[in-house]
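Containing mmCIF, C-alpha atoms: data.cif.
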data_run
#
loop_
_atom_site.label_atom_id
_atom_site.label_comp_id
_atom_site.auth_asym_id
_atom_site.auth_seq_id
_atom_site.Cartn_x
_atom_site.Cartn_y
_atom_site.Cartn_z
CA MET A 19 12.42 19.32 14.24
CA ARG A 20 9.79 22.04 14.08
CA ILE A 21 6.88 21.45 11.67
CA ASP A 22 4.66 24.38 10.67
CA LEU A 23 1.47 23.55 8.79
CA VAL A 24 -0.12 26.49 7.01
CA THR A 25 -3.65 25.24 6.36
CA LEU A 26 -7.34 26.07 6.34
CA PHE A 27 -8.12 22.82 8.15
CA PRO A 28 -5.80 22.21 11.12
CA GLU A 29 -8.37 19.85 12.62
CA MET A 30 -7.65 17.34 9.85
CA PHE A 31 -4.25 16.57 11.41
CA THR A 32 -5.51 15.71 14.90
CA GLY A 33 -6.04 11.99 14.35
CA VAL A 34 -2.81 11.38 12.44
CA PHE A 35 -0.46 13.42 14.59
CA GLY A 36 -2.25 12.64 17.86
CA THR A 37 -1.73 8.88 17.81
CA SER A 38 0.99 6.24 17.70
CA ILE A 39 4.58 7.07 16.72
CA LEU A 40 4.07 10.73 15.80
CA LYS A 41 2.26 11.42 19.08
CA ARG A 42 5.09 9.88 21.09
CA ALA A 43 7.68 11.82 19.06
CA ALA A 44 5.87 15.05 19.88
CA GLU A 45 5.62 14.13 23.57
CA ARG A 46 9.38 13.48 23.66
CA GLY A 47 10.09 16.79 21.95
CA VAL A 48 11.57 15.25 18.80
CA LEU A 49 8.77 16.85 16.78
CA ASP A 50 7.36 20.29 17.54
CA ILE A 51 4.20 20.70 15.45
CA HIS A 52 2.45 24.05 14.93
CA TYR A 53 -0.62 25.06 12.93
CA THR A 54 -1.33 28.37 11.23
CA ASN A 55 -4.79 28.87 9.75
CA PHE A 56 -4.29 31.40 6.98
CA ARG A 57 -7.97 32.34 7.09
CA ALA A 58 -7.05 34.33 10.20
CA TYR A 59 -4.94 36.56 7.92
CA ALA A 60 -7.76 37.45 5.50
CA THR A 61 -8.46 41.17 5.50
CA ASP A 62 -12.15 41.45 4.55
CA LYS A 63 -14.99 41.06 7.03
CA HIS A 64 -16.07 37.68 5.59
CA ARG A 65 -12.54 36.24 5.86
CA HIS A 66 -12.33 35.29 2.18
CA VAL A 67 -9.15 33.43 1.23
CA ASP A 68 -10.11 32.69 -2.39
CA ASP A 69 -11.55 34.46 -5.41
CA THR A 70 -12.63 33.72 -8.96
CA PRO A 71 -9.82 33.11 -11.49
CA CYS A 72 -8.78 36.03 -13.69
CA GLY A 73 -9.74 35.27 -17.28
CA GLY A 74 -12.64 33.07 -16.21
CA GLY A 75 -12.89 29.37 -15.51
CA ALA A 76 -14.27 26.92 -12.99
CA GLY A 77 -13.54 26.89 -9.29
CA MET A 78 -11.86 29.34 -6.97
CA VAL A 79 -8.20 30.33 -6.60
CA LEU A 80 -6.42 30.98 -3.31
CA LYS A 81 -5.54 34.66 -2.86
CA PRO A 82 -1.93 35.64 -2.24
CA GLU A 83 -2.42 38.11 0.63
CA PRO A 84 -3.55 35.72 3.43
CA ILE A 85 -0.95 33.08 2.63
CA TYR A 86 1.89 35.58 2.32
CA ALA A 87 0.90 37.13 5.65
CA ALA A 88 0.63 33.73 7.37
CA VAL A 89 3.97 32.42 6.08
CA ARG A 90 5.78 35.67 6.83
CA ASP A 91 4.41 35.53 10.37
CA VAL A 92 5.80 32.00 10.79
CA TRP A 93 9.15 33.15 9.37
CA ALA A 94 9.25 36.08 11.77
CA THR A 95 8.48 33.99 14.87
CA THR A 96 11.13 31.42 13.94
CA GLU A 97 13.79 33.79 12.65
CA ASP A 98 16.52 31.81 14.43
CA LEU A 99 15.78 28.87 12.09
CA ALA A 100 15.98 30.89 8.87
CA GLU A 101 19.15 29.19 7.63
CA ARG A 102 17.92 25.68 8.47
CA ARG A 103 14.34 25.70 7.22
CA CYS A 104 12.55 24.56 4.07
CA THR A 105 9.23 26.00 2.89
CA ILE A 106 7.21 23.58 0.75
CA ILE A 107 4.16 23.83 -1.49
CA PHE A 108 2.41 20.70 -2.78
CA ASP A 109 1.90 20.89 -6.52
CA PRO A 110 1.60 18.46 -9.48
CA ALA A 111 4.61 20.16 -11.11
CA GLY A 112 6.81 19.42 -8.10
CA GLU A 113 9.44 16.75 -7.64
CA VAL A 114 7.90 13.38 -6.82
CA PHE A 115 8.24 12.60 -3.12
CA THR A 116 10.44 9.56 -2.44
CA GLN A 117 12.39 8.07 0.45
CA LYS A 118 15.38 10.07 -0.79
CA THR A 119 13.33 13.26 -0.40
CA ALA A 120 12.34 12.26 3.13
CA LYS A 121 16.02 11.80 4.05
CA GLU A 122 16.84 15.23 2.61
CA LEU A 123 14.00 16.95 4.47
CA ALA A 124 15.06 15.29 7.73
CA SER A 125 18.29 17.30 7.57
CA TYR A 126 16.39 20.57 8.18
CA GLU A 127 15.43 21.91 11.59
CA GLN A 128 12.14 23.39 10.36
CA LEU A 129 9.67 22.45 7.62
CA ILE A 130 6.89 24.85 6.63
CA LEU A 131 4.22 23.01 4.64
CA ILE A 132 1.73 25.20 2.77
CA CYS A 133 -1.48 23.26 2.14
CA GLY A 134 -3.58 24.50 -0.76
CA HIS A 135 -7.25 23.94 -1.48
CA TYR A 136 -9.86 24.68 -4.14
CA GLU A 137 -8.51 25.07 -7.70
CA GLY A 138 -5.00 26.00 -6.62
CA PHE A 139 -2.80 28.93 -5.71
CA ASP A 140 -2.48 32.37 -7.22
CA ALA A 141 0.78 31.90 -9.14
CA ARG A 142 2.55 34.57 -7.08
CA ILE A 143 2.30 32.39 -3.97
CA TYR A 144 4.88 29.97 -5.39
CA GLU A 145 7.59 32.54 -4.75
CA LEU A 146 7.31 31.65 -1.04
CA ALA A 147 8.43 28.06 -1.59
CA ASP A 148 11.92 26.59 -1.50
CA ARG A 149 10.62 23.33 -2.99
CA LEU A 150 7.54 22.09 -4.81
CA ILE A 151 6.60 18.50 -4.00
CA SER A 152 4.14 16.08 -5.61
CA VAL A 153 3.05 12.87 -3.90
CA GLY A 154 1.91 11.26 -7.16
CA ASP A 155 0.05 11.64 -10.41
CA PHE A 156 -3.43 12.05 -8.99
CA VAL A 157 -5.60 14.86 -7.66
CA LEU A 158 -6.56 15.40 -4.00
CA THR A 159 -8.94 17.88 -2.43
CA GLY A 160 -6.14 19.75 -0.71
CA GLY A 161 -2.58 19.65 0.54
CA GLU A 162 -3.38 18.32 4.00
CA ILE A 163 -3.10 14.62 3.13
CA PRO A 164 0.22 15.11 1.27
CA ALA A 165 1.48 17.07 4.29
CA MET A 166 0.58 14.17 6.61
CA LEU A 167 2.42 11.78 4.33
CA VAL A 168 5.54 13.94 4.13
CA VAL A 169 5.67 14.54 7.88
CA ASP A 170 5.21 10.84 8.66
CA ALA A 171 7.88 9.66 6.22
CA THR A 172 10.34 12.40 7.19
CA ALA A 173 9.84 11.92 10.92
CA ARG A 174 10.87 8.27 10.63
CA MET A 175 14.32 9.47 9.56
CA LEU A 176 14.84 11.45 12.79
CA PRO A 177 16.74 9.87 15.69
CA GLY A 178 14.42 9.12 18.59
CA VAL A 179 11.17 8.90 16.61
CA LEU A 180 11.08 5.11 16.20
CA GLY A 181 11.38 2.83 19.17
CA ASP A 182 14.46 1.25 17.56
CA ASP A 183 16.68 3.51 15.45
CA THR A 184 17.74 0.46 13.40
CA SER A 185 14.16 0.06 12.11
CA ALA A 186 14.20 2.78 9.43
CA PRO A 187 17.19 1.34 7.50
CA THR A 188 15.22 -1.89 7.01
CA ASP A 189 12.23 -0.09 5.44
CA SER A 190 11.45 -0.47 1.78
CA PHE A 191 13.12 2.25 -0.33
CA PHE A 192 15.51 3.31 2.46
CA ASP A 193 18.41 2.13 0.30
CA VAL A 194 16.28 2.02 -2.89
CA LEU A 195 15.46 -1.70 -2.64
CA LEU A 196 12.17 -3.15 -1.40
CA SER A 197 12.23 -4.69 2.05
CA TYR A 198 12.66 -8.41 2.76
CA PRO A 199 9.75 -10.53 4.12
CA GLN A 200 9.31 -10.62 7.90
CA TYR A 201 8.06 -13.47 10.14
CA THR A 202 7.10 -13.96 13.78
CA ARG A 203 5.57 -16.73 15.90
CA PRO A 204 4.05 -19.26 15.45
CA ARG A 205 6.82 -21.16 13.69
CA THR A 206 4.27 -22.87 11.45
CA PHE A 207 0.92 -21.39 10.43
CA GLU A 208 -1.54 -23.25 8.16
CA GLY A 209 1.26 -25.39 6.81
CA LYS A 210 3.58 -22.47 6.06
CA ALA A 211 6.79 -22.41 8.09
CA VAL A 212 9.20 -19.64 9.02
CA PRO A 213 12.36 -20.11 6.89
CA ASP A 214 14.89 -22.21 8.83
CA VAL A 215 17.67 -19.67 8.32
CA LEU A 216 15.83 -17.10 10.46
CA LEU A 217 15.84 -19.52 13.38
CA SER A 218 19.43 -20.67 12.91
CA GLY A 219 21.10 -18.06 15.09
CA ASN A 220 23.64 -17.51 12.30
CA HIS A 221 23.53 -13.74 11.96
CA ALA A 222 25.71 -13.62 8.86
CA ALA A 223 23.47 -16.14 7.10
CA ILE A 224 20.36 -14.27 8.20
CA ALA A 225 21.77 -10.97 6.90
CA ARG A 226 22.63 -12.55 3.54
CA TRP A 227 19.19 -14.20 3.25
CA ARG A 228 17.49 -10.89 3.97
CA ARG A 229 19.63 -9.11 1.40
CA GLU A 230 18.83 -11.73 -1.24
CA GLN A 231 15.11 -11.59 -0.47
CA SER A 232 15.22 -7.81 -0.77
CA LEU A 233 16.93 -8.10 -4.14
CA LEU A 234 14.45 -10.75 -5.25
CA ALA A 235 11.40 -8.71 -4.22
CA THR A 236 12.75 -5.69 -6.09
CA LEU A 237 13.55 -7.73 -9.19
CA ARG A 238 10.07 -9.23 -9.26
CA HIS A 239 7.98 -6.19 -8.39
CA ARG A 240 10.00 -3.01 -9.05
CA PRO A 241 12.93 -3.92 -11.37
CA GLU A 242 13.29 -0.29 -12.46
CA LEU A 243 14.73 0.47 -9.00
CA LEU A 244 17.74 -1.85 -9.35
CA PRO A 245 19.92 0.46 -11.48
CA ARG A 246 19.74 3.05 -8.67
CA ALA A 247 20.76 0.62 -5.91
CA LYS A 248 24.28 0.18 -4.57
CA LEU A 249 25.02 -3.43 -5.48
CA GLY A 250 28.06 -5.49 -4.55
CA ALA A 251 29.60 -8.43 -6.39
CA GLU A 252 27.53 -10.96 -4.42
CA ASP A 253 24.37 -9.02 -5.22
CA LEU A 254 25.12 -9.00 -8.93
CA MET A 255 25.89 -12.73 -8.96
CA PHE A 256 22.60 -13.47 -7.17
CA LEU A 257 20.61 -11.30 -9.59
CA ALA A 258 22.29 -12.93 -12.60
CA LYS A 259 21.12 -16.34 -11.38
CA GLN A 260 17.59 -15.03 -10.83
CA ASP A 261 17.43 -13.60 -14.35
CA LYS A 262 18.17 -17.07 -15.72
CA VAL A 263 15.43 -18.56 -13.56
CA PHE A 264 12.92 -15.96 -14.77
CA LEU A 265 13.86 -16.63 -18.39
CA ARG A 266 13.23 -20.38 -17.93
CA GLU A 267 9.91 -19.70 -16.19
CA SER A 268 8.72 -17.41 -18.99
#
Structure re-expressed in structure tokens:
Amino acid sequence: MRIDLVTLFPEMFTGVFGTSILKRAAERGVLDIHYTNFRAYATDKHRHVDDTPCGGGAGMVLKPEPIYAAVRDVWATTEDLAERRCTIIFDPAGEVFTQKTAKELASYEQLILICGHYEGFDARIYELADRLISVGDFVLTGGEIPAMLVVDATARMLPGVLGDDTSAPTDSFFDVLLSYPQYTRPRTFEGKAVPDVLLSGNHAAIARWRREQSLLATLRHRPELLPRAKLGAEDLMFLAKQDKVFLRES
């Protein structure tokens, strides 16, 4: 997958994309990451990319000309990907980014992420975007941190990024539910033991225990997710028993 980051601060990505899993994915050619600094497309001698808002108000607004020129340049140099790309702007009005969104974005061959700054974009810039995405109900200094988050989560969905391609399906939210608890050696630590079932060698029992723990964690911490999960008869029976337990405890 090709990732194009249209940003004023490409240096912000060095640490995140230059280490660990994302670095190895880039070295193996699974990710092809490019940076376009839209300040290079400003037309005045001082390279201004922002201006005061029309009608007055605090802060500065990003001008349309540099961003349009930068994005169109990326489009032109990757014309062969035109039918398999998605151009994204980060905005509070956008759809909230979830694991489902990451799976959808992983189906593209190119993502173009436009990272804003200051008080926001000139409204005409939004016409460049295929999707608006929000990473939550809070305010950040710019779009660089959301872009890092989206690239990291989406990259995990691509074959060859993780050391074991069976890892991603066990992540929290992959199938809506939270993940089950994990253990490693030592078998006992400060009086707390690894559950016997995980050491039994009975793979069917281990799979069922993990499923039940995933259901239990979701019921306890994020019950609003359960209606969206694909639940079988065994799952529903287990949850019905847990509801009774919770009622007695309360």
Q: Identify, on the basis of all atoms listed in the file, every residue whose closest approach to A:Thr119 does not exceed 10 Å; exclude the query and any residue fewer than 3 positions from it along the same chain; express the result as a PyMOL selection string.
A: chain A and resi 113-116+122-124+151+168+171-172
Would you mind listing what lies within 10 Å of stretch 66-71 of chain A as an mmCIF file with C-alpha atoms, in the frame of the given file, with all atoms listed in the file counted and same-chain residues fewer than 6 positions away left out?
data_model
loop_
_atom_site.group_PDB
_atom_site.id
_atom_site.type_symbol
_atom_site.label_atom_id
_atom_site.label_comp_id
_atom_site.auth_asym_id
_atom_site.auth_seq_id
_atom_site.Cartn_x
_atom_site.Cartn_y
_atom_site.Cartn_z
ATOM 1 C CA LEU A 26 -7.340 26.070 6.340
ATOM 2 C CA PHE A 56 -4.290 31.400 6.980
ATOM 3 C CA ARG A 57 -7.970 32.340 7.090
ATOM 4 C CA ALA A 58 -7.050 34.330 10.200
ATOM 5 C CA TYR A 59 -4.940 36.560 7.920
ATOM 6 C CA ALA A 60 -7.760 37.450 5.500
ATOM 7 C CA GLY A 77 -13.540 26.890 -9.290
ATOM 8 C CA MET A 78 -11.860 29.340 -6.970
ATOM 9 C CA VAL A 79 -8.200 30.330 -6.600
ATOM 10 C CA LEU A 80 -6.420 30.980 -3.310
ATOM 11 C CA LYS A 81 -5.540 34.660 -2.860
ATOM 12 C CA PRO A 82 -1.930 35.640 -2.240
ATOM 13 C CA GLU A 83 -2.420 38.110 0.630
ATOM 14 C CA PRO A 84 -3.550 35.720 3.430
ATOM 15 C CA ILE A 85 -0.950 33.080 2.630
ATOM 16 C CA HIS A 135 -7.250 23.940 -1.480
ATOM 17 C CA TYR A 136 -9.860 24.680 -4.140
ATOM 18 C CA GLU A 137 -8.510 25.070 -7.700
ATOM 19 C CA GLY A 138 -5.000 26.000 -6.620
ATOM 20 C CA PHE A 139 -2.800 28.930 -5.710
ATOM 21 C CA ASP A 140 -2.480 32.370 -7.220
#
How big is the axis-aligned box around the listed atoms of stretch 246-258 of chain A once 4 Å is added on each side, and where is its centre? Give both in Å to one decimal, as AutoDock Vina command-line options.
--center_x 24.7 --center_y -5.2 --center_z -8.5 --size_x 17.9 --size_y 24.5 --size_z 16.2
Q.
With all atoms listed in the file as the counted atoms, please give the residues lying no more than 9 Å from A:Phe256, apart from itself and same-chain residues fewer than 5 positions off, as number ranges by chain.
A. A: 230, 233-234, 251, 261
Q) Quick one: which residues end up in the PyMOL selection byres ((chain A and resi 199) around 9) for this structure, as JSON, numbers by chain? A) {"A": [197, 198, 200, 201, 228, 231, 232, 235]}
Q. When distances are computed from all atoms listed in the file, which of A:Lys121, A:Arg174, A:Arg20, A:Arg203 shows the smallest separation from A:Thr105?
A. A:Arg20
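If you measure from each of A:Leu146, A:Val48, A:Ala225, A:Val153 to A:Trp93 using all atoms listed in the file, the closest one turns out to be A:Leu146.
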Q: Take atom CA of A:Gly160 and atom CA of A:Thr25 and report the distance between them in Å, one decimal.
A: 9.3 Å
Q | Pick from A:Leu49, A:Leu243, A:Ala147, A:Leu196 nearest to A:Phe108, counting only C-alpha atoms | A |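 Among the listed residues, A:Ala147 lies closest to A:Phe108.
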**Q.** Given all atoms listed in the file as the counted atoms, nearest of A:Leu244, A:Gly154, A:Asp253, A:Ser38 to A:Trp227
**A.**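 Looking only at the distances to A:Trp227, the closest residue turns out to be A:Asp253.
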Q) From the list A:Met30, A:Gln117, A:Arg226, A:Lys248, which residue is nearest A:Gly161 when using all atoms listed in the file? A)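 Nearest candidate to A:Gly161 out of A:Met30, A:Gln117, A:Arg226, A:Lys248: A:Met30.
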With all atoms listed in the file as the counted atoms, please give the residues lying no more than 8 Å from A:Glu162, apart from itself and same-chain residues fewer than 3 positions off, as an mmCIF file with C-alpha atoms, in the coordinates of the input.
data_model
loop_
_atom_site.group_PDB
_atom_site.id
_atom_site.type_symbol
_atom_site.label_atom_id
_atom_site.label_comp_id
_atom_site.auth_asym_id
_atom_site.auth_seq_id
_atom_site.Cartn_x
_atom_site.Cartn_y
_atom_site.Cartn_z
ATOM 1 C CA THR A 25 -3.650 25.240 6.360
ATOM 2 C CA PHE A 27 -8.120 22.820 8.150
ATOM 3 C CA MET A 30 -7.650 17.340 9.850
ATOM 4 C CA PHE A 31 -4.250 16.570 11.410
ATOM 5 C CA CYS A 133 -1.480 23.260 2.140
ATOM 6 C CA GLY A 134 -3.580 24.500 -0.760
ATOM 7 C CA ALA A 165 1.480 17.070 4.290
ATOM 8 C CA MET A 166 0.580 14.170 6.610
#
Q: Grab the atom CA of A:Gln260 to atom CA of A:Asn220 distance for me, in Å with one decimal place.
A: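 Separation between atom CA of A:Gln260 and atom CA of A:Asn220: 24.0 Å.
Picture a line from atom CA of A:Leu40 to atom CA of A:Val179; it runs 7.4 Å.
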Q.
I want to know what sits within 12 Å of A:Glu127, based on only C-alpha atoms, with residues of the same chain fewer than 5 positions away left out; could you give that as a ChimeraX atom specification?
A. /A:19-22,48-51,96,98-105,122,172-173,176
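Remark: for A:Pro28, the closest of the candidate residues A:Glu242, A:Ala43, A:Val157, A:Ile132 is A:Ile132 (distances computed over all atoms listed in the file).
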